[in-house]
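Asks: Coordinates in start.txt, compact mmCIF, N, CA and C atoms, are listed below.
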# COMPACT_ATOMS: atom_id res chain seq x y z
N MET O 1 50.69 -33.44 160.58
CA MET O 1 51.45 -33.13 161.77
C MET O 1 51.74 -34.43 162.50
N LYS O 2 53.00 -34.61 162.84
CA LYS O 2 53.43 -35.87 163.44
C LYS O 2 53.35 -35.88 164.96
N LYS O 3 53.73 -34.78 165.60
CA LYS O 3 53.73 -34.73 167.07
C LYS O 3 53.97 -33.29 167.52
N ILE O 4 53.77 -33.04 168.81
CA ILE O 4 54.18 -31.76 169.37
C ILE O 4 55.70 -31.78 169.41
N GLU O 5 56.34 -30.81 168.76
CA GLU O 5 57.80 -30.74 168.71
C GLU O 5 58.34 -30.09 169.97
N HIS O 6 57.72 -28.98 170.37
CA HIS O 6 58.09 -28.31 171.62
C HIS O 6 57.03 -27.29 172.01
N ILE O 7 57.13 -26.82 173.24
CA ILE O 7 56.31 -25.71 173.72
C ILE O 7 57.26 -24.56 174.00
N GLY O 8 56.96 -23.40 173.42
CA GLY O 8 57.80 -22.22 173.60
C GLY O 8 57.27 -21.34 174.72
N ILE O 9 58.17 -20.92 175.61
CA ILE O 9 57.81 -20.07 176.74
C ILE O 9 58.63 -18.79 176.67
N ALA O 10 57.95 -17.65 176.63
CA ALA O 10 58.61 -16.34 176.62
C ALA O 10 59.06 -16.00 178.03
N VAL O 11 60.32 -15.58 178.16
CA VAL O 11 60.88 -15.24 179.48
C VAL O 11 61.63 -13.91 179.38
N LYS O 12 61.68 -13.22 180.50
CA LYS O 12 62.43 -11.96 180.55
C LYS O 12 63.93 -12.20 180.64
N SER O 13 64.33 -13.21 181.39
CA SER O 13 65.75 -13.51 181.58
C SER O 13 66.00 -14.99 181.38
N LEU O 14 66.79 -15.31 180.36
CA LEU O 14 67.12 -16.70 180.10
C LEU O 14 67.95 -17.28 181.25
N GLU O 15 68.85 -16.48 181.78
CA GLU O 15 69.70 -16.95 182.88
C GLU O 15 68.86 -17.34 184.09
N THR O 16 67.98 -16.46 184.50
CA THR O 16 67.10 -16.72 185.65
C THR O 16 66.18 -17.90 185.36
N SER O 17 65.60 -17.93 184.17
CA SER O 17 64.66 -18.99 183.83
C SER O 17 65.35 -20.34 183.65
N ASN O 18 66.58 -20.35 183.14
CA ASN O 18 67.32 -21.61 183.04
C ASN O 18 67.53 -22.22 184.43
N THR O 19 67.85 -21.38 185.40
CA THR O 19 68.02 -21.86 186.77
C THR O 19 66.71 -22.42 187.30
N LEU O 20 65.62 -21.69 187.11
CA LEU O 20 64.31 -22.12 187.57
C LEU O 20 63.90 -23.45 186.94
N PHE O 21 63.98 -23.54 185.61
CA PHE O 21 63.52 -24.74 184.92
C PHE O 21 64.48 -25.92 185.14
N SER O 22 65.76 -25.65 185.36
CA SER O 22 66.70 -26.73 185.72
C SER O 22 66.28 -27.37 187.04
N LYS O 23 65.89 -26.53 188.00
CA LYS O 23 65.39 -27.06 189.28
C LYS O 23 64.09 -27.83 189.08
N LEU O 24 63.19 -27.27 188.26
CA LEU O 24 61.90 -27.91 188.01
C LEU O 24 62.07 -29.29 187.37
N PHE O 25 62.91 -29.38 186.33
CA PHE O 25 63.07 -30.62 185.57
C PHE O 25 64.13 -31.54 186.16
N GLY O 26 64.96 -31.02 187.07
CA GLY O 26 66.00 -31.84 187.67
C GLY O 26 67.19 -32.08 186.77
N LYS O 27 67.36 -31.23 185.76
CA LYS O 27 68.50 -31.35 184.85
C LYS O 27 68.68 -30.04 184.10
N PRO O 28 69.88 -29.80 183.58
CA PRO O 28 70.15 -28.54 182.88
C PRO O 28 69.63 -28.54 181.45
N HIS O 29 69.59 -27.35 180.87
CA HIS O 29 69.23 -27.22 179.45
C HIS O 29 70.32 -27.90 178.61
N TYR O 30 70.00 -28.29 177.40
CA TYR O 30 70.99 -28.96 176.56
C TYR O 30 71.54 -28.07 175.46
N LYS O 31 70.94 -26.88 175.28
CA LYS O 31 71.42 -26.03 174.19
C LYS O 31 70.94 -24.61 174.40
N ILE O 32 71.81 -23.65 174.09
CA ILE O 32 71.44 -22.24 173.99
C ILE O 32 71.80 -21.81 172.58
N GLU O 33 70.89 -21.05 171.96
CA GLU O 33 71.11 -20.66 170.56
C GLU O 33 70.52 -19.28 170.31
N ASP O 34 71.26 -18.46 169.58
CA ASP O 34 70.75 -17.17 169.12
C ASP O 34 70.07 -17.35 167.78
N VAL O 35 68.87 -16.78 167.65
CA VAL O 35 68.18 -16.74 166.36
C VAL O 35 68.09 -15.25 166.01
N VAL O 36 69.12 -14.78 165.34
CA VAL O 36 69.28 -13.35 165.06
C VAL O 36 68.10 -12.81 164.25
N SER O 37 67.62 -13.58 163.29
CA SER O 37 66.52 -13.12 162.43
C SER O 37 65.24 -12.85 163.22
N GLU O 38 65.06 -13.49 164.36
CA GLU O 38 63.87 -13.30 165.18
C GLU O 38 64.13 -12.42 166.40
N GLY O 39 65.39 -12.05 166.61
CA GLY O 39 65.72 -11.23 167.77
C GLY O 39 65.52 -11.94 169.09
N VAL O 40 65.89 -13.24 169.14
CA VAL O 40 65.74 -14.02 170.36
C VAL O 40 66.96 -14.88 170.64
N LYS O 41 67.10 -15.21 171.90
CA LYS O 41 68.05 -16.23 172.35
C LYS O 41 67.18 -17.32 172.94
N THR O 42 67.47 -18.58 172.58
CA THR O 42 66.65 -19.70 173.03
C THR O 42 67.47 -20.66 173.88
N SER O 43 66.77 -21.37 174.72
CA SER O 43 67.36 -22.43 175.54
C SER O 43 66.40 -23.61 175.50
N PHE O 44 66.96 -24.80 175.30
CA PHE O 44 66.12 -25.99 175.17
C PHE O 44 66.35 -26.98 176.31
N PHE O 45 65.24 -27.53 176.79
CA PHE O 45 65.25 -28.61 177.79
C PHE O 45 64.57 -29.82 177.17
N GLN O 46 65.13 -30.99 177.40
CA GLN O 46 64.50 -32.24 177.01
C GLN O 46 63.81 -32.80 178.24
N VAL O 47 62.51 -33.04 178.15
CA VAL O 47 61.74 -33.58 179.27
C VAL O 47 61.02 -34.82 178.76
N GLY O 48 61.61 -35.97 179.00
CA GLY O 48 61.07 -37.20 178.41
C GLY O 48 61.18 -37.10 176.90
N LYS O 49 60.06 -37.34 176.21
CA LYS O 49 60.06 -37.24 174.75
C LYS O 49 59.76 -35.81 174.29
N ASN O 50 59.52 -34.92 175.23
CA ASN O 50 59.10 -33.56 174.90
C ASN O 50 60.23 -32.56 175.11
N LYS O 51 60.10 -31.41 174.42
CA LYS O 51 61.07 -30.33 174.58
C LYS O 51 60.33 -29.06 175.01
N ILE O 52 61.04 -28.27 175.81
CA ILE O 52 60.59 -26.96 176.21
C ILE O 52 61.62 -25.97 175.69
N GLU O 53 61.15 -24.93 175.01
CA GLU O 53 62.03 -23.89 174.50
C GLU O 53 61.75 -22.60 175.27
N LEU O 54 62.77 -22.07 175.93
CA LEU O 54 62.66 -20.77 176.57
C LEU O 54 63.15 -19.73 175.58
N LEU O 55 62.44 -18.60 175.48
CA LEU O 55 62.79 -17.56 174.52
C LEU O 55 62.95 -16.22 175.24
N GLU O 56 64.12 -15.60 175.07
CA GLU O 56 64.40 -14.28 175.63
C GLU O 56 64.65 -13.33 174.47
N ALA O 57 64.04 -12.16 174.52
CA ALA O 57 64.24 -11.15 173.47
C ALA O 57 65.67 -10.61 173.53
N THR O 58 66.25 -10.39 172.36
CA THR O 58 67.58 -9.78 172.30
C THR O 58 67.51 -8.34 171.81
N ASN O 59 66.32 -7.91 171.40
CA ASN O 59 66.11 -6.50 171.07
C ASN O 59 64.66 -6.12 171.35
N PRO O 60 64.41 -4.85 171.62
CA PRO O 60 63.07 -4.43 172.05
C PRO O 60 61.99 -4.53 170.97
N ASN O 61 62.37 -4.76 169.71
CA ASN O 61 61.38 -4.86 168.63
C ASN O 61 61.07 -6.30 168.25
N SER O 62 61.66 -7.25 168.94
CA SER O 62 61.44 -8.65 168.59
C SER O 62 60.02 -9.09 168.99
N PRO O 63 59.51 -10.12 168.32
CA PRO O 63 58.18 -10.62 168.69
C PRO O 63 58.08 -11.04 170.16
N ILE O 64 59.15 -11.56 170.72
CA ILE O 64 59.12 -11.99 172.13
C ILE O 64 59.05 -10.78 173.05
N ALA O 65 59.80 -9.73 172.75
CA ALA O 65 59.74 -8.50 173.56
C ALA O 65 58.33 -7.93 173.54
N LYS O 66 57.72 -7.90 172.37
CA LYS O 66 56.36 -7.37 172.24
C LYS O 66 55.35 -8.25 172.98
N PHE O 67 55.53 -9.57 172.90
CA PHE O 67 54.66 -10.51 173.60
C PHE O 67 54.72 -10.27 175.11
N ILE O 68 55.94 -10.20 175.65
CA ILE O 68 56.11 -10.01 177.10
C ILE O 68 55.55 -8.66 177.53
N GLU O 69 55.76 -7.64 176.72
CA GLU O 69 55.23 -6.31 177.06
C GLU O 69 53.70 -6.34 177.15
N LYS O 70 53.08 -7.09 176.23
CA LYS O 70 51.62 -7.13 176.16
C LYS O 70 51.00 -8.13 177.15
N LYS O 71 51.62 -9.32 177.27
CA LYS O 71 50.99 -10.40 178.03
C LYS O 71 51.81 -10.88 179.23
N GLY O 72 53.07 -10.48 179.32
CA GLY O 72 53.93 -10.98 180.38
C GLY O 72 54.56 -12.31 179.99
N GLU O 73 55.37 -12.84 180.88
CA GLU O 73 56.02 -14.12 180.62
C GLU O 73 54.97 -15.24 180.57
N GLY O 74 55.27 -16.27 179.79
CA GLY O 74 54.36 -17.41 179.73
C GLY O 74 54.43 -18.14 178.42
N ILE O 75 53.49 -19.05 178.24
CA ILE O 75 53.49 -19.86 177.01
C ILE O 75 53.29 -18.94 175.81
N HIS O 76 54.19 -19.06 174.87
CA HIS O 76 54.18 -18.23 173.67
C HIS O 76 53.62 -18.99 172.47
N HIS O 77 54.04 -20.25 172.29
CA HIS O 77 53.58 -21.03 171.14
C HIS O 77 53.67 -22.52 171.40
N ILE O 78 52.96 -23.26 170.56
CA ILE O 78 53.08 -24.71 170.51
C ILE O 78 53.58 -25.05 169.12
N ALA O 79 54.65 -25.84 169.08
CA ALA O 79 55.26 -26.21 167.79
C ALA O 79 54.95 -27.67 167.47
N PHE O 80 54.63 -27.91 166.20
CA PHE O 80 54.34 -29.25 165.73
C PHE O 80 55.36 -29.67 164.69
N ASP O 81 55.83 -30.90 164.82
CA ASP O 81 56.75 -31.49 163.86
C ASP O 81 55.95 -31.91 162.64
N VAL O 82 56.41 -31.52 161.45
CA VAL O 82 55.73 -31.90 160.21
C VAL O 82 56.72 -32.59 159.27
N ALA O 83 56.21 -33.46 158.43
CA ALA O 83 57.06 -34.20 157.50
C ALA O 83 57.52 -33.31 156.34
N ASP O 84 56.61 -32.47 155.83
CA ASP O 84 56.92 -31.60 154.70
C ASP O 84 56.29 -30.23 154.95
N ILE O 85 57.10 -29.28 155.36
CA ILE O 85 56.57 -27.98 155.77
C ILE O 85 55.91 -27.23 154.62
N GLN O 86 56.42 -27.37 153.42
CA GLN O 86 55.81 -26.70 152.25
C GLN O 86 54.41 -27.23 152.00
N LEU O 87 54.26 -28.54 152.03
CA LEU O 87 52.93 -29.15 151.82
C LEU O 87 51.97 -28.77 152.94
N GLU O 88 52.49 -28.72 154.16
CA GLU O 88 51.63 -28.39 155.31
C GLU O 88 51.18 -26.93 155.24
N ILE O 89 52.07 -26.03 154.84
CA ILE O 89 51.70 -24.62 154.66
C ILE O 89 50.58 -24.51 153.62
N ALA O 90 50.76 -25.17 152.49
CA ALA O 90 49.75 -25.13 151.43
C ALA O 90 48.42 -25.71 151.90
N ARG O 91 48.47 -26.83 152.60
CA ARG O 91 47.26 -27.48 153.10
C ARG O 91 46.51 -26.58 154.08
N LEU O 92 47.24 -25.98 154.99
CA LEU O 92 46.61 -25.14 156.01
C LEU O 92 46.05 -23.85 155.42
N LYS O 93 46.74 -23.27 154.43
CA LYS O 93 46.19 -22.10 153.73
C LYS O 93 44.88 -22.47 153.05
N GLU O 94 44.87 -23.63 152.40
CA GLU O 94 43.67 -24.13 151.72
C GLU O 94 42.51 -24.34 152.72
N GLU O 95 42.86 -24.72 153.94
CA GLU O 95 41.86 -24.93 154.99
C GLU O 95 41.39 -23.62 155.62
N GLY O 96 42.01 -22.49 155.23
CA GLY O 96 41.57 -21.19 155.71
C GLY O 96 42.38 -20.60 156.86
N PHE O 97 43.46 -21.26 157.25
CA PHE O 97 44.30 -20.71 158.31
C PHE O 97 45.15 -19.57 157.76
N VAL O 98 45.46 -18.61 158.62
CA VAL O 98 46.30 -17.48 158.22
C VAL O 98 47.75 -17.86 158.53
N VAL O 99 48.55 -18.02 157.48
CA VAL O 99 49.96 -18.37 157.62
C VAL O 99 50.76 -17.07 157.65
N LEU O 100 51.55 -16.88 158.69
CA LEU O 100 52.29 -15.63 158.85
C LEU O 100 53.48 -15.52 157.91
N ASN O 101 54.10 -16.63 157.58
CA ASN O 101 55.18 -16.61 156.60
C ASN O 101 54.99 -17.78 155.64
N THR O 102 54.70 -17.46 154.39
CA THR O 102 54.38 -18.49 153.42
C THR O 102 55.61 -19.28 152.97
N GLU O 103 56.80 -18.73 153.20
CA GLU O 103 58.03 -19.46 152.94
C GLU O 103 58.67 -19.78 154.28
N PRO O 104 59.01 -21.04 154.53
CA PRO O 104 59.64 -21.38 155.80
C PRO O 104 60.99 -20.68 155.95
N LYS O 105 61.37 -20.42 157.20
CA LYS O 105 62.66 -19.79 157.46
C LYS O 105 63.42 -20.63 158.47
N LYS O 106 64.71 -20.40 158.56
CA LYS O 106 65.53 -21.15 159.51
C LYS O 106 65.23 -20.68 160.91
N GLY O 107 64.90 -21.63 161.78
CA GLY O 107 64.64 -21.35 163.18
C GLY O 107 65.69 -22.01 164.05
N ALA O 108 65.42 -22.07 165.33
CA ALA O 108 66.34 -22.69 166.29
C ALA O 108 66.29 -24.21 166.17
N ASP O 109 67.31 -24.85 166.72
CA ASP O 109 67.37 -26.31 166.86
C ASP O 109 67.34 -27.04 165.52
N ASN O 110 67.99 -26.43 164.50
CA ASN O 110 68.12 -27.04 163.16
C ASN O 110 66.77 -27.33 162.50
N LYS O 111 65.89 -26.34 162.54
CA LYS O 111 64.54 -26.52 161.99
C LYS O 111 64.21 -25.44 160.96
N LEU O 112 63.42 -25.82 159.97
CA LEU O 112 62.70 -24.85 159.14
C LEU O 112 61.39 -24.60 159.86
N VAL O 113 60.96 -23.34 159.91
CA VAL O 113 59.75 -23.02 160.67
C VAL O 113 58.82 -22.10 159.88
N ALA O 114 57.55 -22.16 160.23
CA ALA O 114 56.52 -21.25 159.74
C ALA O 114 55.48 -21.15 160.85
N PHE O 115 54.78 -20.01 160.90
CA PHE O 115 53.83 -19.77 161.98
C PHE O 115 52.42 -19.53 161.43
N LEU O 116 51.43 -19.94 162.22
CA LEU O 116 50.03 -19.66 161.93
C LEU O 116 49.56 -18.56 162.87
N HIS O 117 48.82 -17.60 162.34
CA HIS O 117 48.35 -16.48 163.14
C HIS O 117 47.37 -16.97 164.19
N PRO O 118 47.54 -16.50 165.45
CA PRO O 118 46.64 -16.93 166.52
C PRO O 118 45.17 -16.60 166.28
N LYS O 119 44.88 -15.58 165.48
CA LYS O 119 43.48 -15.24 165.22
C LYS O 119 42.77 -16.34 164.45
N SER O 120 43.55 -17.19 163.77
CA SER O 120 42.92 -18.29 163.02
C SER O 120 43.02 -19.63 163.76
N THR O 121 43.59 -19.62 164.97
CA THR O 121 43.77 -20.87 165.72
C THR O 121 43.34 -20.71 167.19
N ASN O 122 42.21 -20.05 167.40
CA ASN O 122 41.65 -19.86 168.75
C ASN O 122 42.62 -19.23 169.73
N GLY O 123 43.43 -18.27 169.24
CA GLY O 123 44.31 -17.52 170.12
C GLY O 123 45.64 -18.17 170.43
N VAL O 124 45.96 -19.29 169.79
CA VAL O 124 47.21 -19.99 170.04
C VAL O 124 48.14 -19.81 168.84
N LEU O 125 49.35 -19.29 169.08
CA LEU O 125 50.35 -19.21 168.02
C LEU O 125 50.87 -20.61 167.77
N ILE O 126 50.74 -21.06 166.53
CA ILE O 126 51.18 -22.40 166.15
C ILE O 126 52.42 -22.27 165.27
N GLU O 127 53.43 -23.07 165.61
CA GLU O 127 54.65 -23.13 164.81
C GLU O 127 54.74 -24.49 164.14
N LEU O 128 55.04 -24.50 162.86
CA LEU O 128 55.32 -25.73 162.13
C LEU O 128 56.83 -25.89 162.06
N CYS O 129 57.33 -27.09 162.32
CA CYS O 129 58.78 -27.33 162.32
C CYS O 129 59.11 -28.54 161.47
N GLN O 130 60.14 -28.40 160.66
CA GLN O 130 60.66 -29.54 159.90
C GLN O 130 62.16 -29.58 160.08
N GLU O 131 62.67 -30.73 160.44
CA GLU O 131 64.12 -30.92 160.62
C GLU O 131 64.85 -30.60 159.31
N ILE O 132 65.92 -29.82 159.41
CA ILE O 132 66.75 -29.54 158.24
C ILE O 132 67.72 -30.71 158.06
N ILE O 133 67.64 -31.33 156.93
CA ILE O 133 68.53 -32.45 156.62
C ILE O 133 69.61 -31.95 155.67
N GLU O 134 70.83 -32.03 156.15
CA GLU O 134 71.95 -31.47 155.36
C GLU O 134 72.69 -32.53 154.62
Would you write the structure of this file as structure tokens?
Replies:
Amino acid sequence: MKKIEHIGIAVKSLETSNTLFSKLFGKPHYKIEDVVSEGVKTSFFQVGKNKIELLEATNPNSPIAKFIEKKGEGIHHIAFDVADIQLEIARLKEEGFVVLNTEPKKGADNKLVAFLHPKSTNGVLIELCQEIIE
């Protein structure tokens, strides 16, 4: 793992939260993107070298909708940038972590992503991210 890629925050309203976080950071978001496969709309803020991803559910069965229903708005996951997501998935499985998707999938912000189950990471949902090079 090279660095923290971003912190994901589940929100009820992207519009309301974009206004709030724009005031907090003193600048607007740089991107809004739909991730249809996950049932979410995302918004990204660049804060120094770090990114914050806001996630709003686009359907009631999405993981974000279920998260908000159970826990309310707040930090949803921490994402780490990795050099080779396939190797990292294999390494972490070997170390005993529960990988939620053994094959990476396309996520937001031009990334391949995979998640580790929070039960194997002290209650924190971990996302692995690798830049898609086209």
Asks: Skipping near chain neighbours, those fewer than 3 positions away, what residues fall within 7 Å of range 11-19 of chain O using only C-alpha atoms, listed as a list in words?
Replies: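 My reading of the contact set: Ser22, Lys23, His29, Leu54, Leu55, Glu56, Glu73 and Gly74 of chain O.
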Asks: Could you give me, as a PyMOL selection string, the residues within 8 Å of Leu100 in chain O, counting only C-alpha atoms and dropping anything in the same chain fewer than 3 positions from it?
Replies: chain O and resi 114-117
Asks: Using DSSP on the backbone coordinates, identify all residues within range 31-134 of chain O classified as strand (DSSP E); present the result as a ChimeraX atom specification.
Replies: /O:31-35,40-47,50-57,74-81,105-107,111-116,126-131
Asks: For Lys2 in chain O, which of O:Val113, O:Val124, O:Gly107, O:Val82 is the closest residue, counting only C-alpha atoms?
Replies: O:Val82
Asks: Please provide as a PDB file with N, CA and C atoms, keeping the file's coordinate frame all residues within 8 Å of Ile85 in chain O, with the sequence filter that same-chain residues fewer than 5 positions apart are discarded (counting only N, CA and C atoms).
Replies:
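See out29.pdb below for the written result:
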ATOM      1  N   ALA O  90      50.760 -25.170 152.490  1.00  0.00           N
ATOM      2  CA  ALA O  90      49.750 -25.130 151.430  1.00  0.00           C
ATOM      3  C   ALA O  90      48.420 -25.710 151.900  1.00  0.00           C
ATOM      4  N   ARG O  91      48.470 -26.830 152.600  1.00  0.00           N
ATOM      5  CA  ARG O  91      47.260 -27.480 153.100  1.00  0.00           C
ATOM      6  C   ARG O  91      46.510 -26.580 154.080  1.00  0.00           C
ATOM      7  N   GLU O 103      56.800 -18.730 153.200  1.00  0.00           N
ATOM      8  CA  GLU O 103      58.030 -19.460 152.940  1.00  0.00           C
ATOM      9  C   GLU O 103      58.670 -19.780 154.280  1.00  0.00           C
ATOM     10  N   PRO O 104      59.010 -21.040 154.530  1.00  0.00           N
ATOM     11  CA  PRO O 104      59.640 -21.380 155.800  1.00  0.00           C
ATOM     12  C   PRO O 104      60.990 -20.680 155.950  1.00  0.00           C
ATOM     13  N   LEU O 112      63.420 -25.820 159.970  1.00  0.00           N
ATOM     14  CA  LEU O 112      62.700 -24.850 159.140  1.00  0.00           C
ATOM     15  C   LEU O 112      61.390 -24.600 159.860  1.00  0.00           C
ATOM     16  N   VAL O 113      60.960 -23.340 159.910  1.00  0.00           N
ATOM     17  CA  VAL O 113      59.750 -23.020 160.670  1.00  0.00           C
ATOM     18  C   VAL O 113      58.820 -22.100 159.880  1.00  0.00           C
ATOM     19  N   ALA O 114      57.550 -22.160 160.230  1.00  0.00           N
ATOM     20  CA  ALA O 114      56.520 -21.250 159.740  1.00  0.00           C
ATOM     21  C   ALA O 114      55.480 -21.150 160.850  1.00  0.00           C
ATOM     22  N   LEU O 128      55.040 -24.500 162.860  1.00  0.00           N
ATOM     23  CA  LEU O 128      55.320 -25.730 162.130  1.00  0.00           C
ATOM     24  C   LEU O 128      56.830 -25.890 162.060  1.00  0.00           C
ATOM     25  N   CYS O 129      57.330 -27.090 162.320  1.00  0.00           N
ATOM     26  CA  CYS O 129      58.780 -27.330 162.320  1.00  0.00           C
ATOM     27  C   CYS O 129      59.110 -28.540 161.470  1.00  0.00           C
ATOM     28  N   GLN O 130      60.140 -28.400 160.660  1.00  0.00           N
ATOM     29  CA  GLN O 130      60.660 -29.540 159.900  1.00  0.00           C
ATOM     30  C   GLN O 130      62.160 -29.580 160.080  1.00  0.00           C
ATOM     31  N   GLU O 131      62.670 -30.730 160.440  1.00  0.00           N
ATOM     32  CA  GLU O 131      64.120 -30.920 160.620  1.00  0.00           C
ATOM     33  C   GLU O 131      64.850 -30.600 159.310  1.00  0.00           C
TER      34      GLU O 131
END
Asks: Report as an MDAnalysis selection string all protein, DNA and RNA residues lying within 9 Å of Lys119 in chain O, evaluated on only C-alpha atoms, omitting residues in the same chain fewer than 4 positions from it.
Replies: chainID O and resid 97:98 123:125
Asks: Mind dumping the selected residues with N, CA and C atoms as a short mmCIF file (atom, residue, chain, number, x, y, z; two decimals), in the frame of the given file?
Replies:
data_model
loop_
_atom_site.label_atom_id
_atom_site.label_comp_id
_atom_site.auth_asym_id
_atom_site.auth_seq_id
_atom_site.Cartn_x
_atom_site.Cartn_y
_atom_site.Cartn_z
N PHE O 97 43.46 -21.26 157.25
CA PHE O 97 44.30 -20.71 158.31
C PHE O 97 45.15 -19.57 157.76
N VAL O 98 45.46 -18.61 158.62
CA VAL O 98 46.30 -17.48 158.22
C VAL O 98 47.75 -17.86 158.53
N GLY O 123 43.43 -18.27 169.24
CA GLY O 123 44.31 -17.52 170.12
C GLY O 123 45.64 -18.17 170.43
N VAL O 124 45.96 -19.29 169.79
CA VAL O 124 47.21 -19.99 170.04
C VAL O 124 48.14 -19.81 168.84
N LEU O 125 49.35 -19.29 169.08
CA LEU O 125 50.35 -19.21 168.02
C LEU O 125 50.87 -20.61 167.77
#
Asks: Which is closer to Met1 in chain O than all the others in O:Lys111, O:Asp81, O:Ile89, O:Asn101, using all atoms listed in the file?
Replies: O:Asp81
Asks: Quick one, how far is atom C of Val99 in chain O from atom C of Lys3 in chain O?
Replies: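 Atom C of Lys3 in chain O lies 19.3 Å from atom C of Val99 in chain O.
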Asks: Go ahead and compute the interatomic distance for atom C of Ser37 in chain O and atom C of Glu5 in chain O, in Å to one decimal.
Replies: 19.8 Å
Asks: Would you mind listing what lies within 6 Å of range 60-65 of chain O as a ChimeraX atom specification, with only N, CA and C atoms counted and same-chain residues fewer than 5 positions away left out?
Replies: /O:38-39,70
Asks: Nearest residue to Asp109 in chain O out of O:Leu87, O:Ile32, O:Val47, O:Ile126, using only N, CA and C atoms?
Replies: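 Counting only N, CA and C atoms, the residue closest to Asp109 in chain O is O:Ile32.
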Asks: Would you return as a PyMOL selection string the members of chain O that DSSP assigns to helix (DSSP H, G or I) on this structure's backbone?
Replies: chain O and resi 14-25+36-38+63-71+85-94+118-120
Asks: How far is it from CA of Tyr30 in chain O to atom C of Lys71 in chain O, in Å with one decimal?
Replies: 26.5 Å
Asks: Give, as lines of an AutoDock Vina configuration file, the centre coordinates and the x, y and z edge lengths in Å to one decimal for an axis-aligned box around all listed atoms of range 104-114 of chain O, padded by 4 Å on each side.
Replies:
center_x = 61.8
center_y = -23.6
center_z = 160.7
size_x = 20.6
size_y = 15.5
size_z = 20.3
Asks: Of the candidates O:Asn59, O:Phe45, O:Phe25, O:Ala79, which one gets nearest to His6 in chain O if we count only N, CA and C atoms?
Replies: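 Closest residue, counting only N, CA and C atoms: O:Ala79.
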